[in-house]
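Visitor: Here you go, this is structure.cif (mmCIF, C-alpha atoms).
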data_protein
#
loop_
_atom_site.label_atom_id
_atom_site.label_comp_id
_atom_site.auth_asym_id
_atom_site.auth_seq_id
_atom_site.Cartn_x
_atom_site.Cartn_y
_atom_site.Cartn_z
CA MET L 1 0.00 0.00 0.00
CA SER L 2 2.61 2.49 1.10
CA ARG L 3 4.62 1.78 -2.04
CA ASN L 4 1.64 2.60 -4.28
CA GLN L 5 0.96 5.85 -2.50
CA GLN L 6 4.51 7.07 -2.95
CA ARG L 7 4.55 6.38 -6.67
CA ARG L 8 4.05 9.33 -9.03
CA PRO L 9 1.19 9.16 -11.56
CA ASP L 10 2.40 7.60 -14.79
CA PRO L 11 2.77 10.34 -17.45
CA ARG L 12 1.62 7.85 -20.05
CA HIS L 13 -1.87 7.83 -18.58
CA LYS L 14 -2.50 11.53 -19.25
CA LYS L 15 -5.47 12.49 -21.42
CA CYS L 16 -5.14 14.75 -24.44
CA LYS L 17 -6.42 18.19 -23.48
CA PHE L 18 -7.53 18.96 -27.03
CA CYS L 19 -9.46 15.70 -27.30
CA LEU L 20 -11.33 16.45 -24.07
CA LYS L 21 -12.54 19.75 -25.58
CA GLU L 22 -13.10 18.11 -29.00
CA ILE L 23 -11.02 20.68 -30.85
CA ALA L 24 -10.96 20.18 -34.63
CA TYR L 25 -8.44 22.87 -35.53
CA ILE L 26 -5.79 24.77 -33.59
CA ASP L 27 -5.52 28.32 -34.84
CA TYR L 28 -2.06 29.82 -35.22
CA LYS L 29 -3.44 33.20 -34.12
CA ASP L 30 -4.72 31.76 -30.86
CA TYR L 31 -1.74 32.25 -28.57
CA PRO L 32 -3.49 31.47 -25.25
CA THR L 33 -4.37 27.89 -26.29
CA MET L 34 -0.87 27.12 -27.58
CA ARG L 35 0.99 28.69 -24.68
CA PRO L 36 0.67 25.81 -22.16
CA PHE L 37 2.40 23.47 -24.62
CA ILE L 38 5.45 25.70 -25.11
CA ASP L 39 8.27 25.66 -22.59
CA TYR L 40 10.36 28.59 -21.37
CA PHE L 41 12.78 28.37 -24.30
CA GLY L 42 10.01 28.38 -26.90
CA ASN L 43 10.20 24.69 -27.73
CA ILE L 44 7.10 22.57 -28.20
CA MET L 45 6.71 20.18 -25.29
CA ALA L 46 7.10 16.49 -26.02
CA ARG L 47 3.96 14.42 -26.24
CA TYR L 48 5.22 12.19 -23.45
CA TYR L 49 5.06 15.09 -20.97
CA SER L 50 2.03 17.04 -22.21
CA GLY L 51 -0.14 14.00 -22.95
CA VAL L 52 -1.33 15.37 -26.30
CA CYS L 53 -2.40 12.75 -28.84
CA LEU L 54 -0.51 12.41 -32.12
CA LYS L 55 -3.27 13.98 -34.21
CA HIS L 56 -3.38 17.10 -32.10
CA GLN L 57 0.39 17.26 -31.68
CA LYS L 58 0.74 17.51 -35.45
CA MET L 59 -1.90 20.27 -35.55
CA LEU L 60 -0.13 22.05 -32.72
CA LYS L 61 3.22 21.83 -34.49
CA ASN L 62 1.70 23.28 -37.66
CA SER L 63 0.07 26.20 -35.88
CA VAL L 64 3.12 26.94 -33.72
CA GLU L 65 5.35 27.03 -36.77
CA ARG L 66 2.96 29.41 -38.53
CA ALA L 67 2.85 31.65 -35.47
CA ARG L 68 6.66 31.62 -35.30
CA PHE L 69 6.94 32.61 -38.94
CA MET L 70 4.59 35.55 -38.43
CA GLY L 71 6.56 36.81 -35.43
CA MET L 72 3.80 36.09 -32.93
CA MET L 73 5.86 33.45 -31.16
CA ALA L 74 9.58 33.12 -30.52
CA TYR L 75 11.74 30.52 -32.23
CA ARG L 76 14.17 30.63 -29.35
CA LYS L 77 14.03 32.63 -26.17
CA MET P 78 -3.05 9.01 -58.31
CA PRO P 79 -5.75 11.68 -58.23
CA THR P 80 -5.78 14.08 -61.14
CA ILE P 81 -6.45 17.80 -60.73
CA ASP P 82 -9.71 18.79 -62.30
CA GLU P 83 -9.10 21.84 -64.49
CA THR P 84 -12.76 22.72 -64.92
CA MET P 85 -13.85 24.56 -61.80
CA THR P 86 -17.43 25.24 -60.86
CA ASP P 87 -18.82 27.69 -58.30
CA GLU P 88 -18.80 24.98 -55.68
CA ASP P 89 -15.02 24.78 -55.87
CA LEU P 90 -14.61 28.22 -54.35
CA ARG P 91 -13.09 28.12 -50.90
CA THR P 92 -12.44 30.43 -48.02
CA TYR P 93 -8.82 31.45 -47.61
CA GLU P 94 -7.17 33.35 -44.85
CA PHE P 95 -4.49 35.97 -45.49
CA CYS P 96 -2.47 37.30 -42.61
CA VAL P 97 -0.27 40.28 -43.27
CA LEU P 98 2.45 41.90 -41.15
CA TYR P 99 3.84 45.36 -41.84
CA PRO P 100 6.00 47.67 -39.71
CA SER P 101 4.27 49.96 -37.25
CA ASN P 102 6.34 53.07 -38.06
CA LEU P 103 4.73 53.67 -41.46
CA SER P 104 2.94 56.96 -42.02
CA GLN P 105 -0.83 56.85 -42.24
CA LYS P 106 -0.85 57.46 -45.97
CA GLU P 107 1.64 54.66 -46.61
CA GLU P 108 -0.40 52.33 -44.42
CA VAL P 109 -3.63 53.00 -46.26
CA ASP P 110 -1.88 52.64 -49.62
CA LEU P 111 -0.32 49.33 -48.59
CA LEU P 112 -3.63 47.85 -47.41
CA LYS P 113 -5.34 49.06 -50.58
CA GLU P 114 -2.63 47.46 -52.70
CA ILE P 115 -2.93 44.15 -50.89
CA GLU P 116 -6.70 44.13 -51.29
CA LYS P 117 -6.33 45.07 -54.95
CA ILE P 118 -3.92 42.19 -55.58
CA ILE P 119 -6.33 39.67 -54.10
CA GLU P 120 -9.45 41.12 -55.65
CA GLU P 121 -7.85 41.26 -59.10
CA GLN P 122 -7.68 37.48 -58.99
CA GLY P 123 -11.36 37.23 -58.19
CA GLY P 124 -11.44 37.15 -54.42
CA LYS P 125 -14.48 38.18 -52.45
CA GLN P 126 -13.83 39.70 -49.05
CA VAL P 127 -15.63 38.02 -46.14
CA SER P 128 -14.00 39.67 -43.17
CA LYS P 129 -11.18 42.02 -42.24
CA ASP P 130 -9.66 42.02 -38.79
CA ILE P 131 -7.19 44.78 -37.89
CA TRP P 132 -5.16 43.76 -34.86
CA GLY P 133 -3.26 47.00 -34.44
CA LYS P 134 0.23 47.42 -33.05
CA ARG P 135 1.77 44.31 -31.51
CA GLY P 136 5.20 43.51 -30.22
CA LEU P 137 7.10 40.92 -32.24
CA ALA P 138 8.69 37.86 -30.69
CA TYR P 139 11.91 38.54 -32.58
CA LYS P 140 13.28 41.32 -34.76
CA ILE P 141 12.18 41.23 -38.40
CA LYS P 142 14.27 43.49 -40.65
CA GLY P 143 15.14 45.58 -37.61
CA HIS P 144 11.55 46.09 -36.52
CA ASP P 145 10.48 45.30 -32.96
CA GLU P 146 6.82 46.08 -33.49
CA GLY P 147 4.41 45.45 -36.31
CA ASN P 148 0.77 45.73 -37.34
CA PHE P 149 -1.22 42.62 -38.19
CA VAL P 150 -4.22 42.44 -40.48
CA VAL P 151 -6.20 39.24 -41.08
CA TYR P 152 -8.38 38.90 -44.17
CA HIS P 153 -10.79 36.18 -45.17
CA TYR P 154 -11.57 35.80 -48.85
CA ILE P 155 -13.73 33.43 -50.84
CA MET P 156 -11.85 32.62 -54.01
CA ASP P 157 -10.70 30.21 -56.65
CA PRO P 158 -7.80 28.01 -55.44
CA THR P 159 -5.97 28.13 -58.81
CA THR P 160 -5.17 31.85 -58.51
CA LEU P 161 -3.56 31.48 -55.11
CA LYS P 162 -0.03 31.11 -56.40
CA GLU P 163 -0.09 34.37 -58.32
CA ILE P 164 -1.32 36.22 -55.23
CA ASP P 165 1.51 34.70 -53.22
CA ILE P 166 4.08 35.83 -55.79
CA ALA P 167 2.58 39.32 -55.94
CA LEU P 168 2.52 39.67 -52.14
CA ARG P 169 6.12 38.52 -51.91
CA ILE P 170 7.37 41.51 -53.95
CA THR P 171 5.13 44.09 -52.31
CA PRO P 172 7.25 46.79 -50.65
CA ASN P 173 6.81 47.58 -46.93
CA LEU P 174 5.39 44.13 -46.28
CA LEU P 175 7.36 42.15 -43.69
CA ARG P 176 5.52 38.85 -43.70
CA HIS P 177 2.43 37.29 -45.22
CA ILE P 178 0.85 33.88 -44.86
CA ILE P 179 -1.96 32.16 -46.75
CA VAL P 180 -3.86 29.51 -44.83
CA LYS P 181 -6.66 27.24 -45.87
CA PRO P 182 -8.94 26.94 -42.84
CA PRO P 183 -10.69 23.57 -42.42
CA LYS P 184 -14.35 23.06 -43.25
CA GLY P 185 -16.68 24.43 -40.62
CA TYR P 186 -14.15 27.02 -39.49
CA ARG P 187 -15.80 29.84 -37.61
CA ILE P 188 -14.21 33.24 -38.25
CA LEU P 189 -13.26 34.80 -34.94
CA LYS P 190 -11.97 38.30 -34.32
CA TYR P 191 -8.71 37.63 -32.54
CA SER P 192 -8.04 41.32 -32.00
CA GLU P 193 -10.69 41.31 -29.27
CA THR P 194 -10.04 37.91 -27.75
CA TYR P 195 -6.35 38.71 -27.32
CA GLU P 196 -7.12 41.83 -25.31
CA THR P 197 -9.59 40.02 -23.07
CA TRP P 198 -7.01 37.30 -22.57
CA LEU P 199 -4.39 39.90 -21.60
CA LYS P 200 -6.77 41.33 -19.01
CA GLU P 201 -7.59 37.87 -17.68
CA ARG P 202 -3.93 37.05 -17.39
CA GLU P 203 -3.31 40.23 -15.40
CA GLY P 204 -6.11 39.24 -13.05
CA GLU P 205 -4.60 35.78 -12.74
CA GLU P 206 -1.18 37.19 -11.98
CA ASP P 207 -2.62 39.31 -9.21
CA ARG P 208 -4.43 36.31 -7.79
CA LYS P 209 -1.26 34.22 -7.89
CA LYS P 210 0.66 36.98 -6.11
CA LYS P 211 -2.01 37.13 -3.42
CA GLU P 212 -1.91 33.36 -2.99
CA LYS P 213 1.85 33.45 -2.68
CA GLU P 214 1.69 36.17 -0.05
CA GLU P 215 -0.95 34.29 1.89
CA LYS P 216 1.16 31.16 1.84
CA LEU P 217 4.20 33.12 3.03
CA ALA P 218 2.18 34.68 5.86
CA GLN P 219 0.93 31.24 6.87
CA ARG P 220 4.43 29.84 6.86
CA VAL P 221 5.74 32.74 8.95
CA ALA P 222 2.90 32.26 11.45
CA GLU P 223 3.60 28.53 11.66
CA LYS P 224 7.28 29.18 12.17
CA ALA P 225 6.54 31.67 14.96
CA LYS P 226 4.24 29.13 16.60
CA ARG P 227 6.91 26.46 16.36
CA GLN P 228 9.48 28.79 17.86
CA VAL P 229 7.18 29.63 20.76
CA LYS P 230 6.58 25.93 21.30
CA ARG P 231 10.29 25.21 21.20
CA ALA P 232 10.99 27.98 23.67
CA ALA P 233 8.31 26.60 25.99
CA ALA P 234 9.77 23.12 25.67
CA LYS P 235 13.25 24.47 26.46
CA LYS P 236 11.95 26.21 29.59
CA GLU P 237 10.33 23.01 30.70
CA GLU P 238 13.56 21.17 30.14
CA GLU P 239 15.54 23.76 32.07
CA ALA P 240 13.12 23.86 35.01
CA PRO P 241 13.51 20.20 36.03
CA ALA P 242 17.24 20.45 35.50
CA LYS P 243 17.48 23.03 38.26
CA LYS P 244 15.77 20.81 40.84
CA PRO P 245 18.42 18.13 41.07
CA LYS P 246 21.01 20.88 41.53
CA ALA P 247 19.12 22.11 44.58
CA ASP P 248 18.78 18.54 45.75
CA LYS P 249 22.53 18.09 45.49
CA LYS P 250 23.11 21.12 47.61
CA LYS P 251 20.67 19.90 50.22
CA ILE P 252 22.23 16.47 50.21
CA SER P 253 25.71 17.88 50.62
CA GLU P 254 24.53 20.12 53.45
CA GLU P 255 22.89 17.21 55.17
CA LEU P 256 25.93 15.08 54.66
CA GLU P 257 28.17 17.70 56.14
CA ARG P 258 25.82 18.05 59.09
CA LEU P 259 25.83 14.35 59.54
CA ILE P 260 29.58 14.17 59.31
CA SER P 261 30.04 17.09 61.64
CA ASP P 262 27.65 15.52 64.07
CA ASP P 263 29.74 14.48 67.06
CA ASP P 264 27.15 12.11 68.43
CA LEU P 265 27.70 9.72 65.61
CA ASP P 266 29.92 6.77 66.30
CA ILE P 267 31.21 4.86 63.45
#
What does this structure look like when you write it as structure tokens?

Guide:
Amino acid sequence: MSRNQQRRPDPRHKKCKFCLKEIAYIDYKDYPTMRPFIDYFGNIMARYYSGVCLKHQKMLKNSVERARFMGMMAYRK
Amino acid sequence: MPTIDETMTDEDLRTYEFCVLYPSNLSQKEEVDLLKEIEKIIEEQGGKQVSKDIWGKRGLAYKIKGHDEGNFVVYHYIMDPTTLKEIDIALRITPNLLRHIIVKPPKGYRILKYSETYETWLKEREGEEDRKKKEKEEKLAQRVAEKAKRQVKRAAAKKEEEAPAKKPKADKKKISEELERLISDDDLDI
């Protein structure tokens, strides 16, 4: 029992936050929704840590790269 | 392999999104001229304007051609996909234009005015920051109070420890006094 309580939750069991909201398209102009998935240095967080599914990770990558190109988001902080 | 159908009907028209970035230090006349030119380029190729969203002055995440700030404008046009390439080429050689992007939004995309949502988000974030600061301060105050309590407790415990320590000292004195009295007692015969 005590062993189980001490264990951290497995990061693999996270749910995709975009799937929970049933998001069909991530807009590159929508900074507030992309922000939680960007770390301090401006990199996109790995799926393993953020729990995003592959479908939404690809969408996220697309929109982040568009936002970076337009100067709305930093390539590197 | 799918072949591209050259004969387009009215149903093949799609909505396209054009986002444009130009420097913020342009004079008003230049700005108006630039926007007019952009609209002319798109409309020459048969685009129909659906919406126009002017974001206003925004800070850039990195310097673009020496500019720290720029103005964004987002257009939505209904148009023929085949003419897109020519618009892209024309926009690329437009003077005073820092960046442009052409995006094909998915079906069922609802056009939102991001100029407003961004401002509301900024305000919300400020509120959140204040709340976080307050929470931090409260936590600090709690910790300080707990520490003070612990210190008081420790001090009380120390006093208690010191108090019983004094008693045996007194006892020792008494014992020694009694012993001396006993020893000095002449009636005792050992």

Visitor: Determine the residue set returned by the PyMOL selection byres ((chain P) within 9 of (chain L)) for the present structure, and present it as a list in words.

Guide: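 So the PyMOL selection byres ((chain P) within 9 of (chain L)) ends up selecting Cys96, Val97, Leu98, Arg135, Gly136, Leu137, Ala138, Tyr139, Lys140, Ile141, Gly147, Leu175, Arg176, His177, Ile178, Pro182, Pro183, Tyr186, Tyr191, Thr194, Tyr195 and Trp198 of chain P.
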
Visitor: What does the distance between atom CA of P:His153 and atom CA of P:Leu90 come to in Å, to one decimal place?

Guide: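 Interatomic distance here is 12.7 Å.
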
Visitor: What does the distance from atom CA of P:Glu146 to atom CA of L:Gly42 come to in Å, to one decimal?

Guide: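 For atom CA of P:Glu146 relative to atom CA of L:Gly42, the distance reads 19.2 Å.
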
Visitor: Skip P:Lys162 itself and residues of its chain fewer than 5 positions away, then list as a PyMOL selection string all residues within 10 Å of it, counting all atoms listed in the file.

Guide: chain P and resi 167-168+179

Visitor: Take the residues from that selection and write them out as a tab-separated table (two decimals), in the coordinates of the input, keeping C-alpha atoms.

Guide:
chain	number	residue	atom	x	y	z
P	167	ALA	CA	2.58	39.32	-55.94
P	168	LEU	CA	2.52	39.67	-52.14
P	179	ILE	CA	-1.96	32.16	-46.75

Visitor: Could you work out how far atom CA of P:Glu238 lies from atom CA of P:Glu255, giving the answer in Å with one decimal?

Guide: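 Rounded to one decimal, the two atoms are 27.0 Å apart.
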
Visitor: Can you give me, as a ChimeraX atom specification, the residues this file yields under the PyMOL selection byres ((chain P and resi 151) around 9)?

Guide: /P:94-97,128-132,149-150,152-153,190

Visitor: Nearest to L:Cys19 among L:Ile44, L:Cys53, L:Glu65, L:Leu60, with distances taken over only C-alpha atoms: which residue is it?

Guide: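 Under the stated criterion, the closest residue is L:Cys53.
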
Visitor: Quick one: residues within 9 Å of P:Leu111, only C-alpha atoms counted, chain neighbours fewer than 6 positions away excluded, as a count of residues only?

Guide: 5

Visitor: If the PyMOL selection byres ((chain P and resi 156) around 8) were run on this exact file, what residues would it hold? Put them as a list in words.

Guide: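 Checking the PyMOL selection byres ((chain P and resi 156) around 8) against this file, the residues are Leu90, Arg91, Thr92, Tyr93, Gly123, Gly124, Lys125, Tyr154, Ile155, Asp157 and Pro158 of chain P.
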
Visitor: Between L:Ile26, L:Leu20, L:Val64, L:Met59, which one has atoms that come closest to L:Ile38, using only C-alpha atoms?

Guide: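 Among L:Ile26, L:Leu20, L:Val64, L:Met59, it is L:Val64 that comes nearest to L:Ile38.
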
Visitor: Near L:Val52, within 9 Å and counting all atoms listed in the file, which residues show up once chain neighbours fewer than 2 positions away are dropped, as a PyMOL selection string?

Guide: chain L and resi 14-19+46-50+54-57

Visitor: Mind writing stretch 11-38 of chain L to a file for me, with N, CA and C atoms, as a PDB file, in the first residue's frame?

Guide:
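part37.pdb written:
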ATOM      1  N   PRO L  11       3.061   9.334 -16.422  1.00  0.00           N
ATOM      2  CA  PRO L  11       2.774  10.337 -17.447  1.00  0.00           C
ATOM      3  C   PRO L  11       2.124   9.760 -18.695  1.00  0.00           C
ATOM      4  N   ARG L  12       2.216   8.443 -18.853  1.00  0.00           N
ATOM      5  CA  ARG L  12       1.616   7.846 -20.055  1.00  0.00           C
ATOM      6  C   ARG L  12       0.099   7.785 -19.969  1.00  0.00           C
ATOM      7  N   HIS L  13      -0.427   7.937 -18.742  1.00  0.00           N
ATOM      8  CA  HIS L  13      -1.875   7.825 -18.579  1.00  0.00           C
ATOM      9  C   HIS L  13      -2.596   9.160 -18.683  1.00  0.00           C
ATOM     10  N   LYS L  14      -1.858  10.227 -19.101  1.00  0.00           N
ATOM     11  CA  LYS L  14      -2.504  11.535 -19.247  1.00  0.00           C
ATOM     12  C   LYS L  14      -3.475  11.510 -20.417  1.00  0.00           C
ATOM     13  N   LYS L  15      -4.512  12.372 -20.324  1.00  0.00           N
ATOM     14  CA  LYS L  15      -5.469  12.486 -21.420  1.00  0.00           C
ATOM     15  C   LYS L  15      -5.121  13.711 -22.256  1.00  0.00           C
ATOM     16  N   CYS L  16      -5.399  13.625 -23.545  1.00  0.00           N
ATOM     17  CA  CYS L  16      -5.141  14.745 -24.445  1.00  0.00           C
ATOM     18  C   CYS L  16      -6.114  15.880 -24.126  1.00  0.00           C
ATOM     19  N   LYS L  17      -5.571  17.065 -23.878  1.00  0.00           N
ATOM     20  CA  LYS L  17      -6.423  18.187 -23.482  1.00  0.00           C
ATOM     21  C   LYS L  17      -7.267  18.686 -24.643  1.00  0.00           C
ATOM     22  N   PHE L  18      -6.759  18.518 -25.860  1.00  0.00           N
ATOM     23  CA  PHE L  18      -7.527  18.957 -27.028  1.00  0.00           C
ATOM     24  C   PHE L  18      -8.669  17.995 -27.307  1.00  0.00           C
ATOM     25  N   CYS L  19      -8.414  16.695 -27.068  1.00  0.00           N
ATOM     26  CA  CYS L  19      -9.461  15.703 -27.297  1.00  0.00           C
ATOM     27  C   CYS L  19     -10.610  15.902 -26.313  1.00  0.00           C
ATOM     28  N   LEU L  20     -10.284  16.263 -25.076  1.00  0.00           N
ATOM     29  CA  LEU L  20     -11.331  16.452 -24.066  1.00  0.00           C
ATOM     30  C   LEU L  20     -12.280  17.574 -24.474  1.00  0.00           C
ATOM     31  N   LYS L  21     -11.712  18.619 -25.142  1.00  0.00           N
ATOM     32  CA  LYS L  21     -12.543  19.750 -25.582  1.00  0.00           C
ATOM     33  C   LYS L  21     -13.074  19.545 -26.993  1.00  0.00           C
ATOM     34  N   GLU L  22     -12.676  18.425 -27.630  1.00  0.00           N
ATOM     35  CA  GLU L  22     -13.099  18.107 -29.002  1.00  0.00           C
ATOM     36  C   GLU L  22     -12.749  19.228 -29.969  1.00  0.00           C
ATOM     37  N   ILE L  23     -11.487  19.599 -29.976  1.00  0.00           N
ATOM     38  CA  ILE L  23     -11.023  20.682 -30.851  1.00  0.00           C
ATOM     39  C   ILE L  23     -10.653  20.090 -32.212  1.00  0.00           C
ATOM     40  N   ALA L  24     -11.195  20.703 -33.278  1.00  0.00           N
ATOM     41  CA  ALA L  24     -10.955  20.175 -34.626  1.00  0.00           C
ATOM     42  C   ALA L  24      -9.798  20.888 -35.311  1.00  0.00           C
ATOM     43  N   TYR L  25      -9.473  22.084 -34.846  1.00  0.00           N
ATOM     44  CA  TYR L  25      -8.438  22.870 -35.527  1.00  0.00           C
ATOM     45  C   TYR L  25      -7.805  23.834 -34.528  1.00  0.00           C
ATOM     46  N   ILE L  26      -6.491  23.836 -34.472  1.00  0.00           N
ATOM     47  CA  ILE L  26      -5.789  24.765 -33.588  1.00  0.00           C
ATOM     48  C   ILE L  26      -5.334  25.958 -34.422  1.00  0.00           C
ATOM     49  N   ASP L  27      -5.822  27.127 -34.047  1.00  0.00           N
ATOM     50  CA  ASP L  27      -5.525  28.318 -34.844  1.00  0.00           C
ATOM     51  C   ASP L  27      -4.152  28.885 -34.477  1.00  0.00           C
ATOM     52  N   TYR L  28      -3.394  29.278 -35.513  1.00  0.00           N
ATOM     53  CA  TYR L  28      -2.059  29.821 -35.220  1.00  0.00           C
ATOM     54  C   TYR L  28      -2.127  31.203 -34.598  1.00  0.00           C
ATOM     55  N   LYS L  29      -3.297  31.869 -34.696  1.00  0.00           N
ATOM     56  CA  LYS L  29      -3.441  33.201 -34.115  1.00  0.00           C
ATOM     57  C   LYS L  29      -3.846  33.130 -32.642  1.00  0.00           C
ATOM     58  N   ASP L  30      -4.175  31.928 -32.207  1.00  0.00           N
ATOM     59  CA  ASP L  30      -4.722  31.757 -30.861  1.00  0.00           C
ATOM     60  C   ASP L  30      -3.593  31.420 -29.882  1.00  0.00           C
ATOM     61  N   TYR L  31      -2.891  32.442 -29.448  1.00  0.00           N
ATOM     62  CA  TYR L  31      -1.742  32.250 -28.573  1.00  0.00           C
ATOM     63  C   TYR L  31      -2.096  31.598 -27.233  1.00  0.00           C
ATOM     64  N   PRO L  32      -3.184  32.039 -26.572  1.00  0.00           N
ATOM     65  CA  PRO L  32      -3.486  31.472 -25.255  1.00  0.00           C
ATOM     66  C   PRO L  32      -3.653  29.947 -25.227  1.00  0.00           C
ATOM     67  N   THR L  33      -4.196  29.347 -26.303  1.00  0.00           N
ATOM     68  CA  THR L  33      -4.371  27.890 -26.287  1.00  0.00           C
ATOM     69  C   THR L  33      -3.056  27.157 -26.533  1.00  0.00           C
ATOM     70  N   MET L  34      -2.140  27.790 -27.277  1.00  0.00           N
ATOM     71  CA  MET L  34      -0.872  27.115 -27.580  1.00  0.00           C
ATOM     72  C   MET L  34       0.133  27.279 -26.452  1.00  0.00           C
ATOM     73  N   ARG L  35      -0.002  28.332 -25.699  1.00  0.00           N
ATOM     74  CA  ARG L  35       0.987  28.691 -24.677  1.00  0.00           C
ATOM     75  C   ARG L  35       1.327  27.573 -23.701  1.00  0.00           C
ATOM     76  N   PRO L  36       0.330  26.848 -23.140  1.00  0.00           N
ATOM     77  CA  PRO L  36       0.672  25.813 -22.160  1.00  0.00           C
ATOM     78  C   PRO L  36       1.545  24.698 -22.708  1.00  0.00           C
ATOM     79  N   PHE L  37       1.634  24.565 -24.028  1.00  0.00           N
ATOM     80  CA  PHE L  37       2.401  23.468 -24.621  1.00  0.00           C
ATOM     81  C   PHE L  37       3.773  23.928 -25.130  1.00  0.00           C
ATOM     82  N   ILE L  38       4.144  25.143 -24.735  1.00  0.00           N
ATOM     83  CA  ILE L  38       5.445  25.705 -25.108  1.00  0.00           C
ATOM     84  C   ILE L  38       6.231  25.911 -23.813  1.00  0.00           C
TER      85      ILE L  38
END
